[in-house]
>>> print(open('final-v3.pdb').read())   # PDB, C-alpha atoms, pLDDT in the B column
ATOM      1  CA  MET Q   1      19.505   6.063  63.488  1.00 91.00           C
ATOM      2  CA  LEU Q   2      19.795   2.408  64.392  1.00 95.00           C
ATOM      3  CA  LEU Q   3      19.165   0.287  67.459  1.00 96.00           C
ATOM      4  CA  PHE Q   4      21.984  -1.851  68.831  1.00 97.00           C
ATOM      5  CA  ARG Q   5      22.221  -4.515  71.493  1.00 96.00           C
ATOM      6  CA  SER Q   6      25.102  -2.826  73.335  1.00 96.00           C
ATOM      7  CA  GLU Q   7      28.042  -0.418  73.124  1.00 96.00           C
ATOM      8  CA  GLU Q   8      30.157  -3.305  71.832  1.00 97.00           C
ATOM      9  CA  HIS Q   9      27.840  -3.728  68.845  1.00 97.00           C
ATOM     10  CA  ILE Q  10      27.800   0.033  68.214  1.00 97.00           C
ATOM     11  CA  GLU Q  11      31.573   0.155  68.131  1.00 96.00           C
ATOM     12  CA  ARG Q  12      31.832  -2.823  65.784  1.00 97.00           C
ATOM     13  CA  TRP Q  13      29.293  -1.175  63.468  1.00 95.00           C
ATOM     14  CA  TRP Q  14      30.909   2.236  63.160  1.00 95.00           C
ATOM     15  CA  ARG Q  15      34.367   0.736  62.773  1.00 95.00           C
ATOM     16  CA  SER Q  16      33.172  -1.580  59.994  1.00 94.00           C
ATOM     17  CA  TRP Q  17      31.564   1.377  58.176  1.00 92.00           C
ATOM     18  CA  LYS Q  18      34.717   3.473  58.708  1.00 93.00           C
ATOM     19  CA  LEU Q  19      32.696   6.132  60.509  1.00 90.00           C
ATOM     20  CA  GLU Q  20      33.211   7.785  63.869  1.00 90.00           C
ATOM     21  CA  ARG Q  21      31.285   7.080  67.014  1.00 92.00           C
ATOM     22  CA  GLY Q  22      28.248   9.353  67.008  1.00 93.00           C
ATOM     23  CA  ALA Q  23      25.805  10.015  69.830  1.00 95.00           C
ATOM     24  CA  VAL Q  24      24.391   7.167  71.892  1.00 96.00           C
ATOM     25  CA  LEU Q  25      21.012   7.404  73.589  1.00 96.00           C
ATOM     26  CA  THR Q  26      19.280   5.030  75.940  1.00 95.00           C
ATOM     27  CA  MET Q  27      15.826   3.906  74.887  1.00 95.00           C
ATOM     28  CA  GLU Q  28      14.349   6.216  77.503  1.00 95.00           C
ATOM     29  CA  GLN Q  29      16.226   9.198  76.073  1.00 96.00           C
ATOM     30  CA  ALA Q  30      15.232   8.250  72.517  1.00 96.00           C
ATOM     31  CA  TRP Q  31      11.604   7.926  73.574  1.00 97.00           C
ATOM     32  CA  ARG Q  32      11.642  11.362  75.220  1.00 96.00           C
ATOM     33  CA  LEU Q  33      13.178  12.815  72.057  1.00 96.00           C
ATOM     34  CA  ALA Q  34      10.508  11.146  69.896  1.00 97.00           C
ATOM     35  CA  GLN Q  35       7.725  12.458  72.121  1.00 96.00           C
ATOM     36  CA  ALA Q  36       9.086  15.996  72.082  1.00 95.00           C
ATOM     37  CA  TRP Q  37       9.887  16.011  68.361  1.00 94.00           C
ATOM     38  CA  TYR Q  38       6.654  14.516  67.142  1.00 95.00           C
ATOM     39  CA  GLY Q  39       4.363  15.960  69.805  1.00 90.00           C
ATOM     40  CA  PRO Q  40       2.958  18.940  67.854  1.00 90.00           C
ATOM     41  CA  ASP Q  41       0.087  17.844  65.579  1.00 92.00           C
ATOM     42  CA  ARG Q  42       1.230  18.019  61.956  1.00 93.00           C
ATOM     43  CA  ARG Q  43      -2.399  17.995  60.797  1.00 94.00           C
ATOM     44  CA  HIS Q  44      -2.918  21.383  62.423  1.00 94.00           C
ATOM     45  CA  PRO Q  45      -2.975  24.397  60.062  1.00 93.00           C
ATOM     46  CA  GLY Q  46      -0.557  26.264  62.311  1.00 92.00           C
ATOM     47  CA  TRP Q  47       2.052  23.522  62.509  1.00 93.00           C
ATOM     48  CA  ARG Q  48       5.528  24.464  61.269  1.00 91.00           C
ATOM     49  CA  ARG Q  49       9.017  23.057  61.544  1.00 90.00           C
ATOM     50  CA  LYS Q  50      10.920  23.974  64.660  1.00 91.00           C
ATOM     51  CA  THR Q  51      13.361  26.843  64.274  1.00 91.00           C
ATOM     52  CA  VAL Q  52      17.036  26.327  65.061  1.00 90.00           C
ATOM     53  CA  ASP Q  53      16.537  28.195  68.338  1.00 92.00           C
ATOM     54  CA  GLU Q  54      13.587  25.972  69.283  1.00 92.00           C
ATOM     55  CA  THR Q  55      15.449  22.814  68.358  1.00 92.00           C
ATOM     56  CA  GLU Q  56      18.494  23.884  70.348  1.00 92.00           C
ATOM     57  CA  ALA Q  57      16.265  24.581  73.335  1.00 93.00           C
ATOM     58  CA  LEU Q  58      14.684  21.152  72.997  1.00 93.00           C
ATOM     59  CA  PHE Q  59      18.065  19.419  72.788  1.00 93.00           C
ATOM     60  CA  ALA Q  60      19.259  21.342  75.847  1.00 94.00           C
ATOM     61  CA  GLU Q  61      16.125  20.396  77.767  1.00 94.00           C
ATOM     62  CA  LEU Q  62      16.830  16.737  76.960  1.00 94.00           C
ATOM     63  CA  GLY Q  63      20.455  17.109  78.026  1.00 93.00           C
ATOM     64  CA  PHE Q  64      21.903  16.862  74.496  1.00 93.00           C
ATOM     65  CA  THR Q  65      24.585  19.502  74.854  1.00 91.00           C
ATOM     66  CA  SER Q  66      27.665  18.011  73.193  1.00 92.00           C
ATOM     67  CA  ALA Q  67      29.038  19.359  69.901  1.00 90.00           C
ATOM     68  CA  PHE Q  68      27.271  16.475  68.110  1.00 91.00           C
ATOM     69  CA  TRP Q  69      23.945  18.273  68.609  1.00 92.00           C
ATOM     70  CA  ASN Q  70      25.175  21.658  67.371  1.00 89.00           C
ATOM     71  CA  LEU Q  71      22.931  23.042  64.602  1.00 87.00           C
ATOM     72  CA  ARG Q  72      24.961  26.029  63.496  1.00 85.00           C
ATOM     73  CA  GLN Q  73      27.862  26.191  61.091  1.00 77.00           C
ATOM     74  CA  PRO Q  74      31.133  26.943  62.891  1.00 72.00           C
ATOM     75  CA  GLY Q  75      31.628  30.701  63.141  1.00 69.00           C
ATOM     76  CA  THR Q  76      27.906  31.516  63.044  1.00 64.00           C
ATOM     77  CA  THR Q  77      25.601  32.373  65.938  1.00 58.00           C
TER      78      THR Q  77
ATOM     79  CA  MET B   1      -5.657  26.451  41.000  1.00 60.00           C
ATOM     80  CA  ASP B   2      -6.778  29.730  42.559  1.00 63.00           C
ATOM     81  CA  GLN B   3      -4.931  29.570  45.875  1.00 70.00           C
ATOM     82  CA  LYS B   4      -1.553  31.012  46.790  1.00 72.00           C
ATOM     83  CA  PRO B   5       1.123  28.293  46.915  1.00 70.00           C
ATOM     84  CA  ASP B   6       1.632  28.757  50.674  1.00 87.00           C
ATOM     85  CA  GLU B   7      -2.050  28.163  51.421  1.00 91.00           C
ATOM     86  CA  PHE B   8      -2.227  25.228  49.033  1.00 94.00           C
ATOM     87  CA  ASP B   9       0.949  23.684  50.458  1.00 95.00           C
ATOM     88  CA  SER B  10      -0.418  23.999  53.980  1.00 95.00           C
ATOM     89  CA  GLN B  11      -3.603  22.208  52.951  1.00 97.00           C
ATOM     90  CA  ILE B  12      -1.586  19.518  51.191  1.00 97.00           C
ATOM     91  CA  ARG B  13       0.592  19.037  54.285  1.00 97.00           C
ATOM     92  CA  GLN B  14      -2.458  18.781  56.536  1.00 97.00           C
ATOM     93  CA  HIS B  15      -3.996  16.241  54.172  1.00 98.00           C
ATOM     94  CA  ILE B  16      -0.804  14.188  53.945  1.00 98.00           C
ATOM     95  CA  TYR B  17      -0.735  13.838  57.727  1.00 97.00           C
ATOM     96  CA  GLU B  18      -4.496  13.319  58.040  1.00 98.00           C
ATOM     97  CA  VAL B  19      -4.220  10.336  55.688  1.00 98.00           C
ATOM     98  CA  THR B  20      -0.927   9.049  57.059  1.00 98.00           C
ATOM     99  CA  LEU B  21      -1.958   9.121  60.697  1.00 98.00           C
ATOM    100  CA  GLY B  22      -5.149   7.300  59.754  1.00 97.00           C
ATOM    101  CA  ARG B  23      -3.614   4.415  57.854  1.00 98.00           C
ATOM    102  CA  GLY B  24       0.153   4.424  58.431  1.00 98.00           C
ATOM    103  CA  TYR B  25       1.444   5.485  55.028  1.00 98.00           C
ATOM    104  CA  PRO B  26       1.173   8.685  53.014  1.00 98.00           C
ATOM    105  CA  PRO B  27      -1.148   9.378  50.092  1.00 98.00           C
ATOM    106  CA  THR B  28       0.029   9.101  46.499  1.00 98.00           C
ATOM    107  CA  LEU B  29       0.073  11.923  43.994  1.00 98.00           C
ATOM    108  CA  ALA B  30      -3.036  10.488  42.338  1.00 98.00           C
ATOM    109  CA  GLU B  31      -4.908  10.155  45.629  1.00 98.00           C
ATOM    110  CA  THR B  32      -4.041  13.705  46.628  1.00 98.00           C
ATOM    111  CA  SER B  33      -4.943  15.011  43.181  1.00 98.00           C
ATOM    112  CA  GLY B  34      -8.316  13.297  43.455  1.00 98.00           C
ATOM    113  CA  HIS B  35      -8.964  14.595  46.952  1.00 97.00           C
ATOM    114  CA  PHE B  36      -8.333  18.227  46.033  1.00 97.00           C
ATOM    115  CA  ARG B  37      -9.620  17.941  42.457  1.00 97.00           C
ATOM    116  CA  VAL B  38      -6.495  19.550  41.107  1.00 97.00           C
ATOM    117  CA  ALA B  39      -4.109  18.347  38.428  1.00 97.00           C
ATOM    118  CA  VAL B  40      -1.340  15.923  39.372  1.00 97.00           C
ATOM    119  CA  PRO B  41       1.403  18.384  38.270  1.00 97.00           C
ATOM    120  CA  ASP B  42       0.039  20.950  40.746  1.00 96.00           C
ATOM    121  CA  VAL B  43       0.178  18.378  43.566  1.00 97.00           C
ATOM    122  CA  LYS B  44       3.637  17.267  42.451  1.00 97.00           C
ATOM    123  CA  ALA B  45       4.852  20.874  42.611  1.00 96.00           C
ATOM    124  CA  ALA B  46       3.409  21.203  46.127  1.00 96.00           C
ATOM    125  CA  PHE B  47       5.103  17.965  47.209  1.00 97.00           C
ATOM    126  CA  GLU B  48       8.375  19.334  45.824  1.00 97.00           C
ATOM    127  CA  ARG B  49       8.005  22.599  47.747  1.00 96.00           C
ATOM    128  CA  LEU B  50       7.226  20.685  50.946  1.00 96.00           C
ATOM    129  CA  ALA B  51      10.268  18.493  50.340  1.00 96.00           C
ATOM    130  CA  ALA B  52      12.443  21.566  49.766  1.00 94.00           C
ATOM    131  CA  GLY B  53      11.211  22.821  53.138  1.00 93.00           C
ATOM    132  CA  HIS B  54      12.162  19.488  54.754  1.00 92.00           C
ATOM    133  CA  ILE B  55       8.523  18.736  55.606  1.00 94.00           C
ATOM    134  CA  ILE B  56       8.479  15.486  53.616  1.00 96.00           C
ATOM    135  CA  VAL B  57      10.974  13.443  51.590  1.00 96.00           C
ATOM    136  CA  LEU B  58      10.240  12.294  48.029  1.00 97.00           C
ATOM    137  CA  GLN B  59      11.127   9.137  46.155  1.00 96.00           C
ATOM    138  CA  GLY B  60      13.909   9.754  43.664  1.00 87.00           C
ATOM    139  CA  ASP B  61      12.254   9.471  40.281  1.00 88.00           C
ATOM    140  CA  THR B  62       8.507   9.437  40.731  1.00 95.00           C
ATOM    141  CA  GLY B  63       7.827  12.444  42.923  1.00 96.00           C
ATOM    142  CA  GLU B  64       5.803  10.230  45.254  1.00 98.00           C
ATOM    143  CA  ILE B  65       6.292  10.632  49.007  1.00 98.00           C
ATOM    144  CA  LEU B  66       9.014   8.464  50.537  1.00 97.00           C
ATOM    145  CA  MET B  67       8.808   9.835  54.071  1.00 97.00           C
ATOM    146  CA  ALA B  68       6.105  11.757  55.878  1.00 97.00           C
ATOM    147  CA  ASN B  69       8.135  11.622  59.059  1.00 96.00           C
ATOM    148  CA  PRO B  70       7.959   9.640  61.193  1.00 97.00           C
ATOM    149  CA  PHE B  71       6.224   7.338  58.675  1.00 98.00           C
ATOM    150  CA  SER B  72       7.818   5.621  55.691  1.00 98.00           C
ATOM    151  CA  ALA B  73       5.898   4.927  52.497  1.00 98.00           C
ATOM    152  CA  VAL B  74       8.044   1.867  51.815  1.00 97.00           C
ATOM    153  CA  PRO B  75       9.053  -1.114  53.972  1.00 98.00           C
ATOM    154  CA  THR B  76      12.038  -0.531  56.250  1.00 97.00           C
ATOM    155  CA  PRO B  77      13.746  -2.537  59.027  1.00 97.00           C
ATOM    156  CA  PHE B  78      11.537  -0.670  61.557  1.00 98.00           C
ATOM    157  CA  LEU B  79       8.112  -2.324  61.681  1.00 98.00           C
ATOM    158  CA  VAL B  80       5.642  -0.626  64.011  1.00 98.00           C
ATOM    159  CA  GLU B  81       2.615  -2.678  65.049  1.00 98.00           C
ATOM    160  CA  LEU B  82      -0.381  -0.805  66.413  1.00 98.00           C
ATOM    161  CA  ALA B  83      -3.862  -2.072  67.272  1.00 97.00           C
ATOM    162  CA  GLU B  84      -5.328  -0.466  64.136  1.00 96.00           C
ATOM    163  CA  PHE B  85      -2.600  -1.149  61.576  1.00 98.00           C
ATOM    164  CA  SER B  86       1.076  -1.882  61.083  1.00 98.00           C
ATOM    165  CA  CYS B  87       3.432   0.548  59.396  1.00 98.00           C
ATOM    166  CA  TYR B  88       7.100   1.437  59.000  1.00 98.00           C
ATOM    167  CA  GLY B  89       9.291   4.083  60.592  1.00 98.00           C
ATOM    168  CA  ASN B  90      12.302   5.521  58.770  1.00 96.00           C
ATOM    169  CA  CYS B  91      14.708   4.774  61.618  1.00 96.00           C
ATOM    170  CA  ILE B  92      14.461   3.828  65.280  1.00 96.00           C
ATOM    171  CA  TRP B  93      13.823   7.472  66.245  1.00 95.00           C
ATOM    172  CA  ASP B  94      10.934   7.635  63.779  1.00 97.00           C
ATOM    173  CA  ALA B  95       9.678   4.190  64.814  1.00 98.00           C
ATOM    174  CA  LEU B  96       9.356   5.594  68.337  1.00 97.00           C
ATOM    175  CA  GLY B  97       7.858   8.733  66.823  1.00 97.00           C
ATOM    176  CA  ILE B  98       4.878   6.794  65.467  1.00 98.00           C
ATOM    177  CA  PRO B  99       3.376   5.856  68.876  1.00 98.00           C
ATOM    178  CA  ALA B 100       4.437   9.327  70.036  1.00 97.00           C
ATOM    179  CA  ILE B 101       2.560  11.160  67.272  1.00 96.00           C
ATOM    180  CA  LEU B 102      -0.475   8.859  67.512  1.00 97.00           C
ATOM    181  CA  HIS B 103      -0.518   8.639  71.319  1.00 96.00           C
ATOM    182  CA  LYS B 104      -1.008   4.886  70.967  1.00 97.00           C
ATOM    183  CA  ASP B 105       0.590   1.744  72.304  1.00 98.00           C
ATOM    184  CA  ALA B 106       2.932   0.041  69.850  1.00 98.00           C
ATOM    185  CA  ARG B 107       5.324  -2.839  69.357  1.00 97.00           C
ATOM    186  CA  ILE B 108       8.433  -1.996  67.324  1.00 97.00           C
ATOM    187  CA  LYS B 109      10.188  -4.873  65.607  1.00 97.00           C
ATOM    188  CA  THR B 110      13.684  -4.272  64.335  1.00 97.00           C
ATOM    189  CA  ALA B 111      17.146  -5.828  64.511  1.00 97.00           C
ATOM    190  CA  CYS B 112      20.525  -4.919  65.916  1.00 97.00           C
ATOM    191  CA  GLY B 113      22.225  -2.664  63.357  1.00 96.00           C
ATOM    192  CA  ASP B 114      25.433  -4.634  63.832  1.00 97.00           C
ATOM    193  CA  CYS B 115      24.602  -8.320  64.072  1.00 97.00           C
ATOM    194  CA  GLY B 116      20.997  -8.520  62.883  1.00 97.00           C
ATOM    195  CA  THR B 117      19.645 -10.134  66.035  1.00 97.00           C
ATOM    196  CA  ALA B 118      15.909  -9.466  66.344  1.00 96.00           C
ATOM    197  CA  MET B 119      15.011  -6.724  68.830  1.00 96.00           C
ATOM    198  CA  GLU B 120      11.660  -5.528  70.076  1.00 96.00           C
ATOM    199  CA  VAL B 121      10.577  -2.358  71.840  1.00 96.00           C
ATOM    200  CA  LYS B 122       7.162  -1.876  73.393  1.00 97.00           C
ATOM    201  CA  VAL B 123       5.477   1.443  74.068  1.00 97.00           C
ATOM    202  CA  VAL B 124       2.638   1.081  76.547  1.00 97.00           C
ATOM    203  CA  SER B 125       0.603   3.899  78.079  1.00 96.00           C
ATOM    204  CA  GLY B 126       3.157   6.505  77.111  1.00 95.00           C
ATOM    205  CA  THR B 127       6.203   4.689  78.439  1.00 96.00           C
ATOM    206  CA  VAL B 128       8.827   2.582  76.740  1.00 95.00           C
ATOM    207  CA  GLN B 129       9.040  -0.914  78.192  1.00 91.00           C
ATOM    208  CA  GLY B 130      11.653  -3.638  78.103  1.00 72.00           C
ATOM    209  CA  ALA B 131      14.027  -0.911  77.073  1.00 70.00           C
ATOM    210  CA  VAL B 132      16.974  -3.085  76.090  1.00 84.00           C
ATOM    211  CA  GLY B 133      19.376  -1.628  73.574  1.00 94.00           C
ATOM    212  CA  LEU B 134      21.028   1.635  72.663  1.00 97.00           C
ATOM    213  CA  VAL B 135      20.229   4.090  69.890  1.00 97.00           C
ATOM    214  CA  HIS B 136      23.162   5.332  67.850  1.00 96.00           C
ATOM    215  CA  PHE B 137      23.043   8.568  65.843  1.00 94.00           C
ATOM    216  CA  ALA B 138      25.868   8.371  63.326  1.00 90.00           C
ATOM    217  CA  ILE B 139      25.506  11.778  61.657  1.00 87.00           C
ATOM    218  CA  PRO B 140      25.904  15.029  63.640  1.00 88.00           C
ATOM    219  CA  ALA B 141      22.678  17.044  63.887  1.00 87.00           C
ATOM    220  CA  LEU B 142      23.946  19.829  61.602  1.00 87.00           C
ATOM    221  CA  HIS B 143      24.224  17.350  58.727  1.00 83.00           C
ATOM    222  CA  TRP B 144      21.053  15.296  59.150  1.00 79.00           C
ATOM    223  CA  TRP B 145      19.491  16.710  55.992  1.00 74.00           C
ATOM    224  CA  ASP B 146      22.640  16.343  53.865  1.00 73.00           C
ATOM    225  CA  ASP B 147      21.529  12.789  53.057  1.00 65.00           C
ATOM    226  CA  ILE B 148      18.323  12.127  54.930  1.00 60.00           C
ATOM    227  CA  VAL B 149      17.756   8.722  53.326  1.00 64.00           C
ATOM    228  CA  PHE B 150      21.118   7.426  54.589  1.00 64.00           C
ATOM    229  CA  ASN B 151      20.577   9.105  57.923  1.00 59.00           C
TER     230      ASN B 151
END
>>> encode(input="final-v3.pdb", output="structure tokens")
Amino acid sequence: MLLFRSEEHIERWWRSWKLERGAVLTMEQAWRLAQAWYGPDRRHPGWRRKTVDETEALFAELGFTSAFWNLRQPGTT
Amino acid sequence: MDQKPDEFDSQIRQHIYEVTLGRGYPPTLAETSGHFRVAVPDVKAAFERLAAGHIIVLQGDTGEILMANPFSAVPTPFLVELAEFSCYGNCIWDALGIPAILHKDARIKTACGDCGTAMEVKVVSGTVQGAVGLVHFAIPALHWWDDIVFN
């Protein structure tokens, strides 16, 4: 995940790498994602990775609902 | 080693993050071996199990930690300056994750992924300031771990 000056720079980048446009977040959105993702204390004995369900719920809470954020293989639930 | 692997791995993970959050980069195999007074191969096996569980990422040949997310063990284009130390994030998300996980103010120094122009992001009192720029996620979420180093 990279930082860009503008949409114009993002487009030039993905075209030059022959990729597709991915998901674009404002700095505020990225900061909220970072806070939510890295909030739980990884030094704690009870810490564990988020489940798919938990991650989906987090993405939904942040408004990340497009297919880009889908975590399940097509055809699975 | 008398413990079950799960218990040992949990202790190793806690130690990795205790060290990393205190100094900005993860412990080596030798450091971890010394801390727990267990053989390096036992620590290496624990690192490998944690990596298989996507808890950490290892360097290709040595078995040393490459990423204890959000921290990088090696220099990257995402320098994070804190009052106590400077360190590196693995990407812009992780660079933001460092002040988030530490609950500290930070200055992130990076560059536009396209043109290389220097960019700076400040996190102050739990808010991101001077929020110029856009974050681009190139790989869909389902495939983030297919090649986490590229991602």
>>> residues_around(input="final-v3.pdb", residues="Trp69 in chain Q", least_positions_apart="3", cutoff="12 Å", atoms="only C-alpha atoms", output="PyMOL selection string")
(chain Q and resi 22-24+52+55-60+62-66+72-73) or (chain B and resi 137-144)
>>> interface_residues(input="final-v3.pdb", of="chain Q", to="chain B", cutoff="9 Å", atoms="all atoms listed in the file", output="JSON, numbers by chain")
{"Q": [1, 2, 3, 4, 5, 6, 7, 9, 10, 11, 12, 13, 14, 19, 20, 21, 22, 23, 24, 25, 26, 27, 28, 29, 30, 31, 33, 34, 35, 36, 37, 38, 39, 40, 41, 42, 43, 44, 45, 46, 47, 48, 49, 67, 68, 69, 70, 71, 72, 73]}
>>> residues_near_point(input="final-v3.pdb", point="(2.4, 7.9, 53.8)", cutoff="7 Å", atoms="all atoms listed in the file", output="list in words")
Thr20, Gly24, Tyr25, Pro26, Pro27, Ile65, Met67, Ala68, Phe71, Ser72 and Ala73 of chain B
>>> write_last_selection(input="final-v3.pdb", atoms="C-alpha atoms", output="PDB file, in the coordinates of the input")
ATOM      1  CA  THR B  20      -0.927   9.049  57.059  1.00 98.00           C
ATOM      2  CA  GLY B  24       0.153   4.424  58.431  1.00 98.00           C
ATOM      3  CA  TYR B  25       1.444   5.485  55.028  1.00 98.00           C
ATOM      4  CA  PRO B  26       1.173   8.685  53.014  1.00 98.00           C
ATOM      5  CA  PRO B  27      -1.148   9.378  50.092  1.00 98.00           C
ATOM      6  CA  ILE B  65       6.292  10.632  49.007  1.00 98.00           C
ATOM      7  CA  MET B  67       8.808   9.835  54.071  1.00 97.00           C
ATOM      8  CA  ALA B  68       6.105  11.757  55.878  1.00 97.00           C
ATOM      9  CA  PHE B  71       6.224   7.338  58.675  1.00 98.00           C
ATOM     10  CA  SER B  72       7.818   5.621  55.691  1.00 98.00           C
ATOM     11  CA  ALA B  73       5.898   4.927  52.497  1.00 98.00           C
TER      12      ALA B  73
END
>>> resolve_selection(input="final-v3.pdb", expression="the PyMOL selection byres ((chain B and resi 80) around 8)", output="short mmCIF file (atom, residue, chain, number, x, y, z; two decimals) with C-alpha atoms, keeping the file's coordinate frame")
data_model
loop_
_atom_site.label_atom_id
_atom_site.label_comp_id
_atom_site.auth_asym_id
_atom_site.auth_seq_id
_atom_site.Cartn_x
_atom_site.Cartn_y
_atom_site.Cartn_z
CA PHE B 78 11.54 -0.67 61.56
CA LEU B 79 8.11 -2.32 61.68
CA GLU B 81 2.62 -2.68 65.05
CA LEU B 82 -0.38 -0.80 66.41
CA SER B 86 1.08 -1.88 61.08
CA CYS B 87 3.43 0.55 59.40
CA TYR B 88 7.10 1.44 59.00
CA GLY B 89 9.29 4.08 60.59
CA ALA B 95 9.68 4.19 64.81
CA ILE B 98 4.88 6.79 65.47
CA ALA B 106 2.93 0.04 69.85
CA ARG B 107 5.32 -2.84 69.36
CA ILE B 108 8.43 -2.00 67.32
CA LYS B 109 10.19 -4.87 65.61
#
>>> atom_distance(input="final-v3.pdb", atom1="CA of Phe8 in chain B", atom2="CA of Pro75 in chain B")
29.1 Å
>>> decode(input="final-v3.pdb", residues="range 34-50 of chain Q", atoms="N, CA and C atoms", output="PDB file, in the first residue's frame")
ATOM      1  N   ALA Q  34      -6.020   1.872  10.266  1.00  0.00           N
ATOM      2  CA  ALA Q  34      -4.824   1.530  11.056  1.00  0.00           C
ATOM      3  C   ALA Q  34      -5.158   1.443  12.541  1.00  0.00           C
ATOM      4  N   GLN Q  35      -5.950   2.374  13.026  1.00  0.00           N
ATOM      5  CA  GLN Q  35      -6.328   2.356  14.443  1.00  0.00           C
ATOM      6  C   GLN Q  35      -7.140   1.106  14.784  1.00  0.00           C
ATOM      7  N   ALA Q  36      -8.084   0.774  13.910  1.00  0.00           N
ATOM      8  CA  ALA Q  36      -8.932  -0.386  14.182  1.00  0.00           C
ATOM      9  C   ALA Q  36      -8.141  -1.688  14.066  1.00  0.00           C
ATOM     10  N   TRP Q  37      -7.271  -1.757  13.050  1.00  0.00           N
ATOM     11  CA  TRP Q  37      -6.539  -2.996  12.786  1.00  0.00           C
ATOM     12  C   TRP Q  37      -5.501  -3.274  13.863  1.00  0.00           C
ATOM     13  N   TYR Q  38      -4.801  -2.225  14.245  1.00  0.00           N
ATOM     14  CA  TYR Q  38      -3.695  -2.407  15.182  1.00  0.00           C
ATOM     15  C   TYR Q  38      -4.052  -2.011  16.614  1.00  0.00           C
ATOM     16  N   GLY Q  39      -5.333  -1.814  16.874  1.00  0.00           N
ATOM     17  CA  GLY Q  39      -5.754  -1.429  18.221  1.00  0.00           C
ATOM     18  C   GLY Q  39      -5.508  -2.502  19.274  1.00  0.00           C
ATOM     19  N   PRO Q  40      -5.953  -3.744  19.046  1.00  0.00           N
ATOM     20  CA  PRO Q  40      -5.751  -4.782  20.068  1.00  0.00           C
ATOM     21  C   PRO Q  40      -4.263  -5.015  20.353  1.00  0.00           C
ATOM     22  N   ASP Q  41      -3.914  -5.152  21.630  1.00  0.00           N
ATOM     23  CA  ASP Q  41      -2.516  -5.237  22.056  1.00  0.00           C
ATOM     24  C   ASP Q  41      -1.936  -6.622  21.748  1.00  0.00           C
ATOM     25  N   ARG Q  42      -0.988  -6.655  20.827  1.00  0.00           N
ATOM     26  CA  ARG Q  42      -0.403  -7.930  20.400  1.00  0.00           C
ATOM     27  C   ARG Q  42       0.535  -8.534  21.450  1.00  0.00           C
ATOM     28  N   ARG Q  43       0.815  -7.779  22.505  1.00  0.00           N
ATOM     29  CA  ARG Q  43       1.615  -8.335  23.607  1.00  0.00           C
ATOM     30  C   ARG Q  43       0.746  -9.140  24.568  1.00  0.00           C
ATOM     31  N   HIS Q  44      -0.552  -9.009  24.427  1.00  0.00           N
ATOM     32  CA  HIS Q  44      -1.480  -9.654  25.362  1.00  0.00           C
ATOM     33  C   HIS Q  44      -1.569 -11.156  25.073  1.00  0.00           C
ATOM     34  N   PRO Q  45      -1.565 -11.987  26.122  1.00  0.00           N
ATOM     35  CA  PRO Q  45      -1.641 -13.444  25.879  1.00  0.00           C
ATOM     36  C   PRO Q  45      -2.868 -13.847  25.065  1.00  0.00           C
ATOM     37  N   GLY Q  46      -3.958 -13.137  25.224  1.00  0.00           N
ATOM     38  CA  GLY Q  46      -5.187 -13.525  24.538  1.00  0.00           C
ATOM     39  C   GLY Q  46      -5.337 -12.975  23.137  1.00  0.00           C
ATOM     40  N   TRP Q  47      -4.345 -12.215  22.672  1.00  0.00           N
ATOM     41  CA  TRP Q  47      -4.473 -11.652  21.321  1.00  0.00           C
ATOM     42  C   TRP Q  47      -4.504 -12.778  20.281  1.00  0.00           C
ATOM     43  N   ARG Q  48      -5.292 -12.599  19.248  1.00  0.00           N
ATOM     44  CA  ARG Q  48      -5.295 -13.525  18.108  1.00  0.00           C
ATOM     45  C   ARG Q  48      -5.657 -12.738  16.866  1.00  0.00           C
ATOM     46  N   ARG Q  49      -5.375 -13.323  15.718  1.00  0.00           N
ATOM     47  CA  ARG Q  49      -5.748 -12.661  14.465  1.00  0.00           C
ATOM     48  C   ARG Q  49      -7.262 -12.568  14.368  1.00  0.00           C
ATOM     49  N   LYS Q  50      -7.716 -11.535  13.693  1.00  0.00           N
ATOM     50  CA  LYS Q  50      -9.159 -11.411  13.481  1.00  0.00           C
ATOM     51  C   LYS Q  50      -9.651 -12.541  12.575  1.00  0.00           C
TER      52      LYS Q  50
END
